[in-house]
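> Structure in structure tokens, see below.
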Amino acid sequence: MESIILIVTASLFFTGIVIRVKSIAAGRKGPGILQPLRDILRNMKKGSVYSETSGLIFRIAPSIYAGTLLTAALCIPLGDRPGILSFQWDFVFFVYTLALGKFLMVVAALDTGSSFEGMGASREAFFSMLMEPAVFMVMGSFAILTGKTSFSEIFAALHGSGISNAVSYTMAVLSAILIMLVGMVENSRMPVDDPKTHLELTMIHEVMILDNSGFDLGLIMYSSCLKFAVFGGVAAGLFMKPGAGFFADAAIFFLVQFCYAVFTGFMESFMARFRMKNNPQFIYTITAATLLIFIGAVHATGIAGGKMPW
Amino acid sequence: MSLIALAFLISLCGLLLIPFLPVKFKKLIAVIAVLSSGAIHIFNAAKVLSGEIIDFTLNAGFPFGDIPVRIDNLSAFFMIVVTFTLSTGVVYGYHYMSKYDDEPEKQSVHWCSFLLLQAGMMSVCMMQNILGFLISWEIMTVAAFFLVIYDYETPNTIRAGLNYFVQSHIGVLLIIIGFIWTASAAGSFDLAVIIAAVKNNSITIGPWPFMILFTGFAFKAGFVPLHTWLPWAHPAAPSHVSGVMSGVIIKMGIYGIFRILPVYQGDMLQIGRLILIISATTALYGVMVAIIQHNLKRLLAYHSVENIGIIGMGIGLGAIGTGMSNNAVALAGYCGALLHTLNHSLFKSLLFFTAGSVYRKTHTLNIEELGGLAKKMPYTAALFLIAALAITGLPPFNGFISEFLIYSSMYTGMTTGDLSFAMIFLCCIFALVMVGGLAFLCFTKAFGIVFLGTPRHHIPENCAEVERWCLVPQFAILAMILLIGFFPVPFIKLVSKPALTLIPGIKNPAEILAPISSTMFSVSTGAIMIAVICGAVYAVKLFVTRKAVDRTSPTWGCGYTGAGPRLQYTATSFVKSYTEIASPLLRIKTTMSAIKGLFPDKGEFHVRTYDKLEEKLIDSNLNRVGNFMTLFAFLQNGLIQYYILYGVFFIIAVMGFTFRKSIISFIISFLALG
């Protein structure tokens with residue numbers, strides 16, 4: 001219960017911090033932290049312009065996208081306090097629920113019959129296909145490491161229950177970075193996609209939502225913030241110690257979210273977008289790096305000890 | 001017993017009546033016969049699942065002897081699955097076939113075959129005698145063949161049908177060999193006797209009979225590389241038949257594998273590992289090839305291969321769990337496999353029915369030519385969308401439930417097993433996730449291109465929603481999909497009954513089932529949450545924008561105003577980035593003539609896709625066999641005299657072989673005399 005409140009709170013400021021970091025890095029004055037929120041609210045109040053080609057799918061897809069994202073956020077725990085939805089292998093549910101929203105967004109883009117949006121939809125479907133394994137591998141490795149089965153149990157058992165701190169924190173840092181990268185790819189941010197580019201041919205997510213306007217556009221913009229906060233929430237969970245008070249956990253939570261936002265901001269300030277062709281390689285590099293966590297988990301638990309078949 | 005006899009009697013009556021009635025009544029009788037005998041079969045199956053045992057011996061006279069008819073939990077489960085899809089198929093087919101009403105003879109054969117198919121499948125489920133099983137299996141296979149070749153005047157159809165016929169008979173051959181082996185070792189045709197003998201090691205047959213039987217059934221089920229008949233037969237058949245074929249006929253292969261699993265003698269871990277790896281390959285290959293298909297039904301056929309792979313993964317996990325004596329892994333694996341069998345029969349038949357509706361209204365199945373059908377056929381589009389979401393394995397639909405079970409089996413095995421198994425499970429998790437991702441790509445393409453946007457080609461003016469009676473069976477399937485997706489717990493209990501009989505040495509079944517049930521209860525909560533939250537967000541949208549004015553305008557063309565339907569993304573371009581990285585594993589041939597010069601000729605671009613495994617394994621070997629056989633082509637010279645001469649040679653050879661001793665002794669004595 002606490003976690004969803006914190007995630008929603010973090011989502012309100014996340015993009016604002018990213019933009020602040022970018023403007024500071026560029027030496028600009030830049031907009032305030034709450035500017036993205038104002039944009040979202042302004043959009044939400046407006047009426048929509050719908051494409052003549054589009055039908056019902058186009059009108060309900062953004063709502064389902066946001067709805068699935070909120071449902072997925074319910075799975076995220078705050079340290080050892082389970083989320084509202086917490087059960088065995090809930091991370092499978094988490095990833096598949098996110099995929100449901102994305103499915104609807106992709107077909108909604110095709111609903112407009114625009115070649116640009118088809119392009120975006122094609123890329124979004126392709127990259128999310130490549131991206132899916134990473135979270136499964138990370139959480140599966142932690143399941144091996146801790147012997148536990150759900151988000152909250154894994155986070156509760158990660159530190160201070162038999163596994164040496166050096167191992168658990170090393171793995172936590174590595175996985176947190178990977179999960180943040182997954183979040184950035186899922187959100188179509190740098191280095192996979194540049195949301196600020198002005199050429200439709202090179203966009204992924206932005207070109208997919210070209211025809212959305214009004215409330216729907218606001219909802220999609222907010223969903224993007226929420227997605228950052230959700231992945232940040234997973235990353236934060238990796239650092240929380242069981243038994244620490246709510247405020248300690250909340251402090252860690254916001255610290256990690258803040259670092260994530262700053263990281264994203266710096267990344268977007270100092271890096272150029274990859275060529276579209278190189279994106280699959282980058283994404284599979286993330287997946288391959290999750291194997292490191294698997295190997296770490298195997299060694300730390302001694303599954304390999306004495307039983308190695310070779 | 002009398003009830004079972006009654007059900008078969010109804011089918012027989014239908015069979016005798018259909019040839020003599022006018023077309024309209026042929027169909028009606030077929031529908032009535034399938035539904036009523038199906039109701040009796042379901043009643044019997046429900047009795048068995050609730051604990052009653054149906055087991056009696058039928059004396060069938062001289063060549064067969066006593067045939068034990070036995071309905072256990074496994075048979076009962078498959079009977080329910082088969083009957084449901086057959087019933088929806090026959091009701092859908094009633095309208096689908098109405099465009100062929102001017103062909104009464106063909107329809108007689110068609111509907112008679114349908115009734116035979118039902119009778120055959122039901123008796124496959126019930127017979128536990130090897131001979132009876134094989135004969136029912138043969139009836140089923142031949143009936144399906146006649147159903148597939150309805151449109152036999154088209155050369156492609158008859159080729160696809162023969163392809164199916166030959167390949168399933170290679171499967172039958174293997175099944176016969178395997179069964180003869182086991183039967184002669186155990187000295188009985190009764191499967192239960194054989195299994196008991198294998199279990200208490202009174203006979204030693206080793207793993208080979210199982211392997212042969214498995215290969216035989218794998219032909220039917222369509223495991224890679226034995227799947228090649230499937231993508232030909234499914235598009236060739238009328239749509240209600242493809243739905244039934246993909247939904248349940250290939251599942252009989254799965255039933256066979258479940259049935260003969262106890263015949264395996266040896267280390268369960270090894271066979272489980274083998275099945276798991278074969279199945280993961282099957283799933284990946286099926287979906288990888290599905291993505292590049294342009295014929296909607298062929299695409300769906302390759303997805304059947306994929307889903308058979310997922311079911312096989314569940315079976316493999318069950319066997320591994322049994323081998324590790326980890327009941328949680330085994331139960332989740334078997335339950336996942338059985339539930340996915342049910343789920344796949346639901347969403348795949350629905351997909352084929354909707355594809356059939358599209359074909360009926362637009363006369364094409366080429367994805368590249370379609371588009372914008374959601375406006376003309378809204379119900380069909382909605383049904384296709386939900387079936388597509390379900391087959392992709394997304395919550396809150398039924399495909400997610402069975403895939404979740406298989407995931408949970410793999411993760412449980414990974415956290416409790418040793419390293420070599422952790423590695424295998426990790427690879428298989430990776431494979432299953434990739435299968436999900438690829439299916440996502442494939443069905444966003446299939447749904448998005450076929451039903452959304454604007455038509456890419458001329459679509460008939462009278463293209464409209466199908467008749468109400470065609471929608472009824474489809475909505476029945478939809479209801480089941482939603483029911484399983486939102487309330488999976490009763491269905492888990494249903495599939496756990498046959499699953500538990502497959503796992504030896506369970507003392508307290510309720511104890512193993514409890515964690516799965518409670519997890520499923522939470523999943524069900526999650527599914528309801530998704531629906532509620534999405535609904536709530538949409539309600540908020542309606543509330544906030546109640547005063548806002550909505551407008552419509554042309555799609556934003558980024559400044560370009562001459563955009564027409566031809567500028568839309570096509571199916572090929574949608575999956576282009578995928579085909580680029582996966583091209584080494586696929587066979588795609590493009591021919592194009594580029595547009596050049598100031599006054600260019602008409603440009604062309606053609607993409608043809610083919611199954612690389614089929615080309616390498618089947619076609620090239622067939623060519624080799626064909627080349628060898630042409631050496632004997634001179635024998636077939638078309639002159640009847642020669643053929644009579646061959647016959648005389650043959651008779652002389654046979655007689656000579658029979659009397660070889662006396663002939664030789666005659667020659668010797670002749671020579672000695674001389």
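Residues in the structure tokens are named by chain (A, B, ... in the order shown) and by number from 1 within that chain; ligands are numbered from 1 in the order shown.
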Counting only C-alpha atoms, which residues of chain A come no farther than 7 Å from chain B, as a ChimeraX atom specification?
/A:45-54,63-64,67-68,71,85,87-89,96-97,100,103,106-107,110-115,118-119,122,125-126,129,132-133,140,143-144,147,211,215,303-304,307-309
> Just write the chosen residues, N, CA and C atoms, as a short mmCIF file (atom, residue, chain, number, x, y, z; two decimals), in the first residue's frame.

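Here's the written file again-v4.cif:
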data_model
loop_
_atom_site.label_atom_id
_atom_site.label_comp_id
_atom_site.auth_asym_id
_atom_site.auth_seq_id
_atom_site.Cartn_x
_atom_site.Cartn_y
_atom_site.Cartn_z
N LYS A 45 -7.09 18.68 -20.01
CA LYS A 45 -8.32 19.47 -20.02
C LYS A 45 -8.82 19.72 -21.44
N LYS A 46 -7.95 19.55 -22.41
CA LYS A 46 -8.31 19.87 -23.79
C LYS A 46 -9.21 18.81 -24.41
N GLY A 47 -9.91 19.22 -25.45
CA GLY A 47 -10.63 18.24 -26.26
C GLY A 47 -9.66 17.56 -27.20
N SER A 48 -10.09 16.45 -27.79
CA SER A 48 -9.19 15.67 -28.62
C SER A 48 -9.51 15.85 -30.09
N VAL A 49 -8.50 15.67 -30.91
CA VAL A 49 -8.70 15.56 -32.35
C VAL A 49 -8.40 14.13 -32.72
N TYR A 50 -9.41 13.44 -33.24
CA TYR A 50 -9.20 12.04 -33.60
C TYR A 50 -9.04 11.92 -35.10
N SER A 51 -8.22 10.98 -35.49
CA SER A 51 -8.05 10.72 -36.92
C SER A 51 -9.32 10.09 -37.48
N GLU A 52 -9.64 10.43 -38.73
CA GLU A 52 -10.85 9.88 -39.35
C GLU A 52 -10.75 8.38 -39.53
N THR A 53 -9.54 7.89 -39.66
CA THR A 53 -9.35 6.47 -39.90
C THR A 53 -9.55 5.65 -38.64
N SER A 54 -9.31 6.29 -37.50
CA SER A 54 -9.21 5.49 -36.28
C SER A 54 -10.59 5.13 -35.74
N SER A 63 -6.07 4.63 -22.23
CA SER A 63 -6.59 4.35 -20.89
C SER A 63 -6.12 2.98 -20.41
N ILE A 64 -6.13 1.99 -21.32
CA ILE A 64 -5.68 0.66 -20.92
C ILE A 64 -4.19 0.66 -20.63
N GLY A 67 -3.86 2.11 -17.32
CA GLY A 67 -4.44 1.19 -16.33
C GLY A 67 -3.53 0.01 -16.05
N THR A 68 -2.96 -0.58 -17.10
CA THR A 68 -2.07 -1.72 -16.87
C THR A 68 -0.82 -1.29 -16.12
N THR A 71 -1.73 -1.09 -12.56
CA THR A 71 -1.85 -2.43 -11.98
C THR A 71 -0.48 -3.03 -11.75
N LEU A 85 -0.69 -6.27 -4.69
CA LEU A 85 -0.69 -7.58 -5.34
C LEU A 85 0.66 -8.22 -5.04
N PHE A 87 2.26 -12.16 -4.79
CA PHE A 87 2.10 -13.61 -4.78
C PHE A 87 3.33 -14.24 -5.41
N GLN A 88 3.35 -15.58 -5.44
CA GLN A 88 4.48 -16.28 -6.01
C GLN A 88 4.68 -15.86 -7.46
N TRP A 89 5.93 -15.58 -7.81
CA TRP A 89 6.28 -15.23 -9.19
C TRP A 89 5.45 -14.05 -9.69
N TYR A 96 4.10 -9.21 -17.84
CA TYR A 96 3.06 -9.49 -18.83
C TYR A 96 1.96 -8.43 -18.80
N THR A 97 1.71 -7.85 -17.61
CA THR A 97 0.71 -6.79 -17.55
C THR A 97 1.19 -5.56 -18.31
N LEU A 100 0.63 -6.07 -21.93
CA LEU A 100 -0.76 -5.89 -22.39
C LEU A 100 -1.00 -4.45 -22.84
N PHE A 103 0.77 -3.73 -26.06
CA PHE A 103 0.08 -4.35 -27.21
C PHE A 103 -0.99 -3.40 -27.72
N VAL A 106 0.46 -0.36 -29.47
CA VAL A 106 1.00 -0.66 -30.80
C VAL A 106 -0.12 -0.78 -31.81
N VAL A 107 -1.19 -1.52 -31.46
CA VAL A 107 -2.25 -1.65 -32.46
C VAL A 107 -2.99 -0.33 -32.62
N LEU A 110 -1.38 1.52 -35.26
CA LEU A 110 -1.72 1.03 -36.59
C LEU A 110 -3.13 1.44 -36.99
N ASP A 111 -3.95 1.75 -35.98
CA ASP A 111 -5.34 2.11 -36.24
C ASP A 111 -5.46 3.40 -37.04
N THR A 112 -4.44 4.26 -36.94
CA THR A 112 -4.54 5.54 -37.63
C THR A 112 -4.23 5.42 -39.11
N GLY A 113 -3.59 4.31 -39.50
CA GLY A 113 -3.28 4.12 -40.91
C GLY A 113 -2.18 5.03 -41.41
N SER A 114 -1.39 5.59 -40.49
CA SER A 114 -0.31 6.48 -40.90
C SER A 114 0.97 5.67 -41.04
N SER A 115 1.76 6.01 -42.06
CA SER A 115 2.99 5.23 -42.25
C SER A 115 3.98 5.53 -41.14
N GLY A 118 2.95 3.58 -38.13
CA GLY A 118 3.26 2.17 -38.34
C GLY A 118 4.72 1.89 -38.06
N MET A 119 5.55 2.83 -38.48
CA MET A 119 6.99 2.68 -38.23
C MET A 119 7.29 2.64 -36.74
N SER A 122 6.01 -0.61 -35.25
CA SER A 122 6.88 -1.72 -35.59
C SER A 122 8.11 -1.74 -34.68
N ALA A 125 7.17 -2.63 -30.98
CA ALA A 125 6.92 -4.06 -30.81
C ALA A 125 8.23 -4.84 -30.86
N PHE A 126 9.10 -4.45 -31.78
CA PHE A 126 10.35 -5.17 -31.96
C PHE A 126 11.25 -5.02 -30.74
N MET A 129 9.96 -6.78 -27.66
CA MET A 129 10.20 -8.21 -27.77
C MET A 129 11.62 -8.55 -27.30
N GLU A 132 12.07 -8.05 -23.29
CA GLU A 132 11.34 -8.80 -22.27
C GLU A 132 12.19 -9.73 -21.40
N PRO A 133 13.16 -10.46 -21.95
CA PRO A 133 13.84 -11.44 -21.10
C PRO A 133 14.58 -10.84 -19.90
N GLY A 140 14.76 -13.94 -11.72
CA GLY A 140 15.00 -15.37 -11.56
C GLY A 140 16.31 -15.63 -10.83
N ALA A 143 15.79 -15.02 -7.32
CA ALA A 143 15.03 -16.12 -6.72
C ALA A 143 15.96 -17.27 -6.37
N ILE A 144 16.94 -17.54 -7.23
CA ILE A 144 17.92 -18.58 -6.91
C ILE A 144 18.72 -18.16 -5.69
N GLY A 147 16.20 -17.96 -2.67
CA GLY A 147 15.27 -19.07 -2.47
C GLY A 147 13.84 -18.60 -2.28
N ASP A 211 -0.78 10.95 -33.36
CA ASP A 211 -2.17 11.35 -33.53
C ASP A 211 -2.93 11.49 -32.22
N PHE A 215 -6.76 14.60 -23.68
CA PHE A 215 -6.64 13.79 -22.46
C PHE A 215 -5.71 12.61 -22.70
N ILE A 303 25.12 -23.51 -5.37
CA ILE A 303 24.47 -24.52 -6.20
C ILE A 303 25.55 -25.27 -6.98
N ALA A 304 26.58 -24.51 -7.38
CA ALA A 304 27.61 -25.11 -8.22
C ALA A 304 28.53 -26.00 -7.40
N LYS A 307 28.68 -30.01 -7.38
CA LYS A 307 27.72 -30.69 -8.25
C LYS A 307 27.98 -30.37 -9.71
N MET A 308 29.09 -29.68 -9.96
CA MET A 308 29.32 -29.27 -11.34
C MET A 308 29.44 -30.48 -12.25
N PRO A 309 28.69 -30.48 -13.34
CA PRO A 309 28.75 -31.66 -14.20
C PRO A 309 30.03 -31.74 -15.03
#
> Near A:Ala25, counting only C-alpha atoms, which residues have an atom at most 10 Å away, once you skip same-chain residues fewer than 2 positions from it, shown as a list in words?
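Neighbouring residues, sequence-local ones excluded: Ile19, Arg20, Val21, Lys22, Ser23, Gly27, Arg28, Gly265, Phe266, Glu268, Ser269 and Phe270 of chain A.
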> Could you pull the residues within 12 Å of A:Arg275, counting only C-alpha atoms, minus those fewer than 3 positions along the same chain, as a CSV table (one decimal) with N, CA and C atoms, in the first residue's frame?

chain,number,residue,atom,x,y,z
A,190,MET,N,16.9,7.9,-24.3
A,190,MET,CA,18.3,7.7,-24.7
A,190,MET,C,18.8,6.5,-23.9
A,191,PRO,N,19.7,5.8,-24.5
A,191,PRO,CA,20.3,6.0,-25.8
A,191,PRO,C,19.6,5.2,-27.0
A,192,VAL,N,18.4,4.7,-26.7
A,192,VAL,CA,17.8,4.0,-27.7
A,192,VAL,C,17.0,5.0,-28.6
A,193,ASP,N,16.3,5.9,-28.0
A,193,ASP,CA,15.5,6.8,-28.7
A,193,ASP,C,15.6,8.2,-28.1
A,194,ASP,N,15.5,9.2,-28.9
A,194,ASP,CA,15.6,10.6,-28.4
A,194,ASP,C,14.3,11.2,-28.4
A,201,LEU,N,11.2,10.2,-38.7
A,201,LEU,CA,11.8,8.9,-39.1
A,201,LEU,C,12.6,8.2,-38.1
A,202,THR,N,13.2,9.0,-37.2
A,202,THR,CA,14.1,8.4,-36.2
A,202,THR,C,13.5,8.2,-34.9
A,203,MET,N,12.2,8.4,-34.7
A,203,MET,CA,11.6,8.2,-33.4
A,203,MET,C,11.1,6.8,-33.2
A,272,ALA,N,24.8,10.7,-27.6
A,272,ALA,CA,24.0,10.8,-28.8
A,272,ALA,C,23.2,9.5,-28.9
A,278,ASN,N,21.8,-0.3,-34.3
A,278,ASN,CA,22.6,-0.8,-33.2
A,278,ASN,C,21.8,-1.1,-32.0
A,279,ASN,N,20.5,-0.7,-32.0
A,279,ASN,CA,19.7,-0.9,-30.8
A,279,ASN,C,19.5,-2.3,-30.4
A,280,PRO,N,19.2,-3.3,-31.3
A,280,PRO,CA,19.2,-4.7,-30.9
A,280,PRO,C,20.4,-5.1,-30.1
A,281,GLN,N,21.6,-4.7,-30.6
A,281,GLN,CA,22.8,-5.1,-30.0
A,281,GLN,C,22.9,-4.6,-28.6
A,282,PHE,N,22.5,-3.3,-28.4
A,282,PHE,CA,22.5,-2.7,-27.1
A,282,PHE,C,21.6,-3.4,-26.1
> Using only C-alpha atoms, which residues sit within 6 Å of stretch 599-610 of chain B once same-chain residues fewer than 4 positions away are excluded, as a PyMOL selection string?
chain B and resi 587-595
> Which neighbours of A:Ser188 fall inside 10 Å, counting only C-alpha atoms, when residues of the same chain fewer than 6 positions from it are skipped, and could you give them as a list in words?
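In the requested format, the answer is Glu124, Phe127, Ser128, Val182, Asp194, Pro195, Met203, Ile204, His205, Glu206 and Ser224 of chain A.
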> Which polymer residues have any atom within 7 Å of an atom of B:Phe353, counting only C-alpha atoms, with same-chain residues fewer than 2 positions away left out, as a PyMOL selection string?
chain B and resi 239-240+243+349-351+355-357
> Which one is closest to B:Ala319: B:Ile139, B:Ile503, B:Leu173, B:Ile195? Count only C-alpha atoms.
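Closest to B:Ala319, using only C-alpha atoms: B:Ile503.
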> Which parts of stretch 78-187 of chain A does DSSP call helix (DSSP H, G or I) when run on the backbone here, written out as number ranges by chain?
A: 90-111, 115-146, 151-158, 165-186
